[in-house]
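Worksheet: one structure, shown below.
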Amino acid sequence: MNQAPKLLIRNGTVVDGTGAPAYRADVRIRDGVITEIANDLAPGAGETDYDADGCFVAPGFIESHTHYDGAMWWDDSLDPLPGYGATTQVMGNCGFATAPVSEDEAVRREIVKIFSFFEDIPEGPFIDSLPWDWRSWPQYKASMVEKCRVPLNYAVYCGHIALRLAVMGMDAWERAATAQEIGQMASMLDEAMAAGAMGLSSNLMDHDGEDRPVPSLKADDAEFRALLEVLDRYPGSSLQIILDTFRNMTAAESLQRLARLSEGLNVRVQWGGVPTLEFQRDLMGIQAPLVALHEQMKAEGRDFWTGFAHIPVTSTLSVQSSLIFAQSNDYVWHEVVTAPGDEAKAAILRDPQWRARARKSWDEETFEFSPFPPGRAENLQLLNSDNGAGPIHITLGEYQQQIGAEHPSDAMAEWLLANGLESTVTMPPFAMTEDVVEALIRDPMATGNINDCGAHGQMLCGGGENVKLLTYWVRDTGRISIEEAVHSMTGKLARHFSLPDRGELVVGKRADITVFDLDEIESRDMERVYDVPDGKGGHTWRWTRKPAPVRLTLVNGVTTFDGTAATAARPGVMVSPVAVDADCGRGVVFADRALTAPKRIPLSWINSPYD
């Protein structure tokens with residue numbers, strides 16, 4: 001079923017992923033590799049003919065920031081990605097990773113708890129569906145390659161938080177590492193890199209449900225420098241790191257710290273990132289300083305890339321599993337989320353004393369950028385009732401007026417009690433600074449298509465948000481050309497992640513390809529599916545979408561979406577960064593082999609769109 005057929009894609013318009021102008025051509029594929037691109041290719045013996053007339057033929061889209069680390073073990077479809085032209089996904093981001101892990105089961109459970117809180121992934125399937133037959137990162141890779149069959153290629157970071165917990169146990173939450181512990185972490189990272197990890201992911205922003213800084217926030221300069229020195233020995237690798245542009249707004253300070261700590265090292269850094277929301281520009285004032293720092297890093301010739309999203313943040317609130325309350329500094333409503341079972345949750349929501357504390361929290365404690373302060377909470381949308389009691393398709397403010405509630409917090413409590421505690425409340429999309437997004441799409445040092453797919457299953461559906469680059473930005477507004485949009489999701493990301501065998505339609509590269517009609521595709525509305533194991537013998541729900549649909553998705557030459565539905569094919573393989581020798585063009589994969597250190601091809605610099 002995963003055998004790559006002989007295939008000829010005819011009559012399409014090739015957008016090759018390099019940013020070059022689109023052109024009419026046929027594309028021939030053999031053994032999962034592109035073998036010919038030319039006009040009027042004659043059909044070959046035993047070859048399947050695919051007519052792409054009226055369609056664009058492009059490299060498969062790369063999902064640059066996902067959290068399928070758990071879900072790929074119980075959902076081998078990676079739904080809905082094949083129907084959106086995705087062919088490679090990068091996971092292990094934000095310091096959250098499933099390897100290495102400690103021998104201590106209690107410490108291993110911390111990994112599960114971290115994913116459950118920060119990424120809204122249920123603990124039950126994480127415990128039951130993953131074999132946990134590894135301790136080191138190479139053992140994790142071996143288990144994943146042997147046991148996971150998925151429709152996309154996948155690349156995996158080694159997580160800084162996982163490293164700290166594996167070496168330090170529960171102390172990882174509390175203190176800086178000793179010199180000996182730093183040495184152990186560096187050794188574990190080194191073996192992960194030798195086995196094919198993308199690099200190191202880390203996190204300098206998040207706090208958990210008890211307001212504890214994540215373990216990587218306890219790392220001192222000596223620890224970061226030691227880990228960066230490991231990456232320096234593996235050209236093609238990168239540090240992916242989340243900086244604080246929301247809570248304490250320390251992103252600028254952290255970026256300057258990383259620049260200082262990486263001096264003299266050949267390390268690519270992907271930092272998240274230049275803020276793209278209007279309130280971050282106007283209310284928080286953090287956008288301009290980070291744009292300036294981004295430009296400074298480029299001017300200094302640093303290999304620093306900013307991550308960004310081309311879509312506004314839109315999330316649903318739930319009292320079943322949601323980090324939004326705690327991340328908004330509302331630990332009163334978070335008490336409902338952590339209460340065990342619907343009966344306990346309902347009792348809290350009815351309690352007059354709790355309601356008084358909840359009103360005070362919304363008015364005085366929540367962060368000004370959160371959904372809850374006065375003037376913003378009223379705009380929350382009531383769209384998804386579990387039992388149909390309603391009303392729906394109105395705002396929380398309108399419902400508050402209907403029932404005469406004292407406060408929006410009281411109104412939300414009443415609506416959840418009436419509609420069932422599986423109901424959700426939707427945040428309206430934040431307004432974006434579209435000029436900055438447009439500039440970042442074109443920026444040669446910006447990593448786009450970040451949407452968190454695979455995580456926050458009851459908050460959002462990141463899968464499918466990729467095509468908004470093609471619909472909103474290309475078709476609907478004309479602000480970006482088709483060549484720029486495709487390049488931003490393919491060739492530029494392949495270059496960033498050091499994956500030179502994909503991301504472009506070039507003879508000799510992997511046949512990761514998508515075919516689509518620009519007039520047909522959309523990022524479809526979210527809808528519930530009940531297919532996530534709940535750890536109790538049943539299933540809970542997540543958001544997904546119907547396919548865009550693209551006309552065809554090929555992964556390593558094998559069809560994973562046929563224009564109507566995802567296929568049963570599972571041709572995805574683990575991919576690893578490749579360093580390219582600038583002198584002779586040879587690729588060297590740093591996976592399961594002795595390390596050498598060829599020079600990396602320098603970036604092709606272009607004028608900054610901010611200039």
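As shown in the structure tokens, the chain order sets the letters A, B, ...; within each chain, residues go from 1, and ligands are also counted from 1 in the order they appear.
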
Item to check | Contacts of Thr98 of chain A within 9 Å, only C-alpha atoms, excl. fewer than 4 positions in-chain, as a VMD selection string | outcome: chain A and resid 69 to 70 92 108 111 to 112 132 137 140 158 to 159 162

Writing out the chosen residues with C-alpha atoms as a CSV table (one decimal), in the first residue's frame:
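Just written: out01.csv:
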chain,number,residue,atom,x,y,z
A,69,ASP,CA,4.2,13.8,19.9
A,70,GLY,CA,1.4,12.0,21.6
A,92,GLY,CA,8.9,18.3,19.8
A,108,ARG,CA,8.0,10.4,33.6
A,111,ILE,CA,6.1,14.8,31.0
A,112,VAL,CA,2.5,13.6,30.6
A,132,TRP,CA,7.2,4.2,26.9
A,137,TRP,CA,16.3,9.8,22.6
A,140,TYR,CA,12.6,6.8,21.4
A,158,CYS,CA,14.9,17.0,21.6
A,159,GLY,CA,13.1,18.9,24.4
A,162,ALA,CA,12.5,16.6,29.0

Item to check | Polymer residues at most 10 Å from Phe61 of chain A, only C-alpha atoms, same-chain spacing of 5 or more positions, as a PyMOL selection string | outcome: chain A and resi 17+81-82+84-89+449+466-467+486-491+493-494+502-503+512-514+553

Checklist entry - atom CA of Gly54 of chain A to atom CA of Phe516 of chain A: how many Å, to one decimal? => result 8.7 Å

Item to check | Who sits within 9 Å of Ala411 of chain A, only C-alpha atoms, same chain under 6 positions skipped, as JSON, numbers by chain | outcome: {"A": [396, 397, 399, 400, 401, 403, 404, 405]}

Keeping only N, CA and C atoms, write those residues as a short mmCIF file (atom, residue, chain, number, x, y, z; two decimals), in the first residue's frame.
data_model
loop_
_atom_site.label_atom_id
_atom_site.label_comp_id
_atom_site.auth_asym_id
_atom_site.auth_seq_id
_atom_site.Cartn_x
_atom_site.Cartn_y
_atom_site.Cartn_z
N LEU A 396 -21.61 36.61 24.80
CA LEU A 396 -21.82 36.47 26.24
C LEU A 396 -22.50 37.71 26.80
N GLY A 397 -22.15 38.88 26.26
CA GLY A 397 -22.78 40.11 26.72
C GLY A 397 -24.27 40.12 26.44
N TYR A 399 -26.17 37.47 26.12
CA TYR A 399 -26.79 36.50 27.03
C TYR A 399 -26.90 37.08 28.44
N GLN A 400 -25.88 37.82 28.86
CA GLN A 400 -25.93 38.44 30.17
C GLN A 400 -27.13 39.38 30.29
N GLN A 401 -27.40 40.14 29.24
CA GLN A 401 -28.56 41.04 29.25
C GLN A 401 -29.86 40.25 29.26
N ILE A 403 -30.55 37.35 30.57
CA ILE A 403 -30.88 36.70 31.85
C ILE A 403 -30.75 37.66 33.03
N GLY A 404 -30.28 38.88 32.77
CA GLY A 404 -30.14 39.87 33.84
C GLY A 404 -29.04 39.53 34.83
N ALA A 405 -27.97 38.89 34.35
CA ALA A 405 -26.86 38.51 35.24
C ALA A 405 -26.08 39.74 35.66
#

Next on the checklist: Please determine, counting only C-alpha atoms, which residue among A:Arg376, A:Lys468, A:His310, A:Leu8 has the shortest atom-to-atom distance to Arg442 of chain A.
Outcome noted: A:His310

Residues of segment 33-130 of chain A within 12 Å of segment 234-246 of chain A: nearest atom pair and distance (Å, one decimal) for each, counting only C-alpha atoms, sorted by chain and number, as a tab-separated table?
residue	atom	partner	partner_atom	distance
A:Ser64	CA	A:Gln240	CA	10.7
A:His65	CA	A:Gln240	CA	9.7
A:Val90	CA	A:Gln240	CA	10.9
A:Met91	CA	A:Gln240	CA	10.6
A:Gly92	CA	A:Gln240	CA	9.5
A:Asn93	CA	A:Gln240	CA	6.9
A:Cys94	CA	A:Ile242	CA	5.8
A:Gly95	CA	A:Ile241	CA	7.4
A:Phe96	CA	A:Ile241	CA	10.6

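Residue neighbourhood of segment 211-221 of chain A, excluding near-sequence residues (fewer than 3 positions): His160, Ile161, Arg164, Ala172, Trp173, Glu174, Arg175, Ala176, Ala177, Ser202, Asn203, Leu204, Asp206, His207, Asp208, Phe224 and Arg225 of chain A, at 7 Å, using only C-alpha atoms.
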
Output N, CA and C atoms for every residue in the selection just made, as a compact mmCIF listing (two decimals), in the first residue's frame.
# COMPACT_ATOMS: atom_id res chain seq x y z
N HIS A 160 14.17 20.52 25.82
CA HIS A 160 14.97 20.97 26.96
C HIS A 160 14.30 20.58 28.28
N ILE A 161 12.98 20.71 28.35
CA ILE A 161 12.28 20.35 29.59
C ILE A 161 12.44 18.86 29.87
N ARG A 164 15.96 18.20 31.23
CA ARG A 164 16.12 18.59 32.64
C ARG A 164 15.46 17.57 33.57
N ALA A 172 14.19 19.71 38.68
CA ALA A 172 14.23 20.51 37.45
C ALA A 172 13.29 21.71 37.53
N TRP A 173 12.23 21.60 38.34
CA TRP A 173 11.29 22.70 38.50
C TRP A 173 11.82 23.80 39.42
N GLU A 174 12.85 23.48 40.19
CA GLU A 174 13.18 24.34 41.33
C GLU A 174 14.48 25.14 41.21
N ARG A 175 15.46 24.64 40.46
CA ARG A 175 16.79 25.25 40.60
C ARG A 175 17.60 25.14 39.31
N ALA A 176 18.73 25.86 39.33
CA ALA A 176 19.72 25.71 38.25
C ALA A 176 20.41 24.36 38.38
N ALA A 177 20.94 23.88 37.28
CA ALA A 177 21.63 22.60 37.27
C ALA A 177 23.07 22.76 37.77
N SER A 202 13.28 24.70 23.36
CA SER A 202 13.28 25.20 24.73
C SER A 202 12.15 26.21 24.91
N ASN A 203 12.03 26.73 26.12
CA ASN A 203 10.87 27.53 26.48
C ASN A 203 11.26 28.52 27.57
N LEU A 204 11.13 29.81 27.26
CA LEU A 204 11.40 30.85 28.25
C LEU A 204 10.16 31.70 28.50
N ASP A 206 6.52 29.88 29.55
CA ASP A 206 5.33 29.30 30.13
C ASP A 206 5.41 29.07 31.64
N HIS A 207 4.24 29.18 32.28
CA HIS A 207 4.03 28.83 33.68
C HIS A 207 2.87 27.83 33.72
N ASP A 208 2.94 26.88 34.66
CA ASP A 208 1.92 25.84 34.69
C ASP A 208 0.69 26.27 35.48
N PHE A 224 22.64 26.82 29.17
CA PHE A 224 22.30 27.12 27.78
C PHE A 224 23.55 27.09 26.89
N ARG A 225 24.65 27.65 27.37
CA ARG A 225 25.86 27.67 26.56
C ARG A 225 26.33 26.25 26.27

Checklist entry - From the set A:Leu382, A:Gly462, A:Glu406, A:Ile121, which residue has the shortest atom-to-atom contact distance to Ser423 of chain A, counting only C-alpha atoms? => result A:Leu382

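DSSP, applied to the backbone of this structure, assigns strand (DSSP E or B) to the following residues of segment 339-438 of chain A: A:Gln381, A:Leu382, A:Leu383, A:Asn384, A:Ile394, A:Thr395, A:Thr424, A:Val425, A:Thr426, A:Met432.
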
Item to check | All residues 9 Å or closer to Lys492 of chain A, only C-alpha atoms, same chain fewer than 6 positions away omitted, as a ChimeraX atom specification | outcome: /A:17-19,444-447,503

Kindly save the residues from that selection, with C-alpha atoms included, as a CSV table (one decimal), in the first residue's frame.
chain,number,residue,atom,x,y,z
A,17,GLY,CA,8.8,26.4,-4.0
A,18,THR,CA,11.8,28.5,-4.8
A,19,GLY,CA,9.9,31.7,-5.2
A,444,PRO,CA,14.0,35.4,4.3
A,445,MET,CA,14.7,35.0,8.1
A,446,ALA,CA,11.1,34.3,9.2
A,447,THR,CA,9.6,30.8,9.9
A,503,GLY,CA,10.5,21.7,-0.3
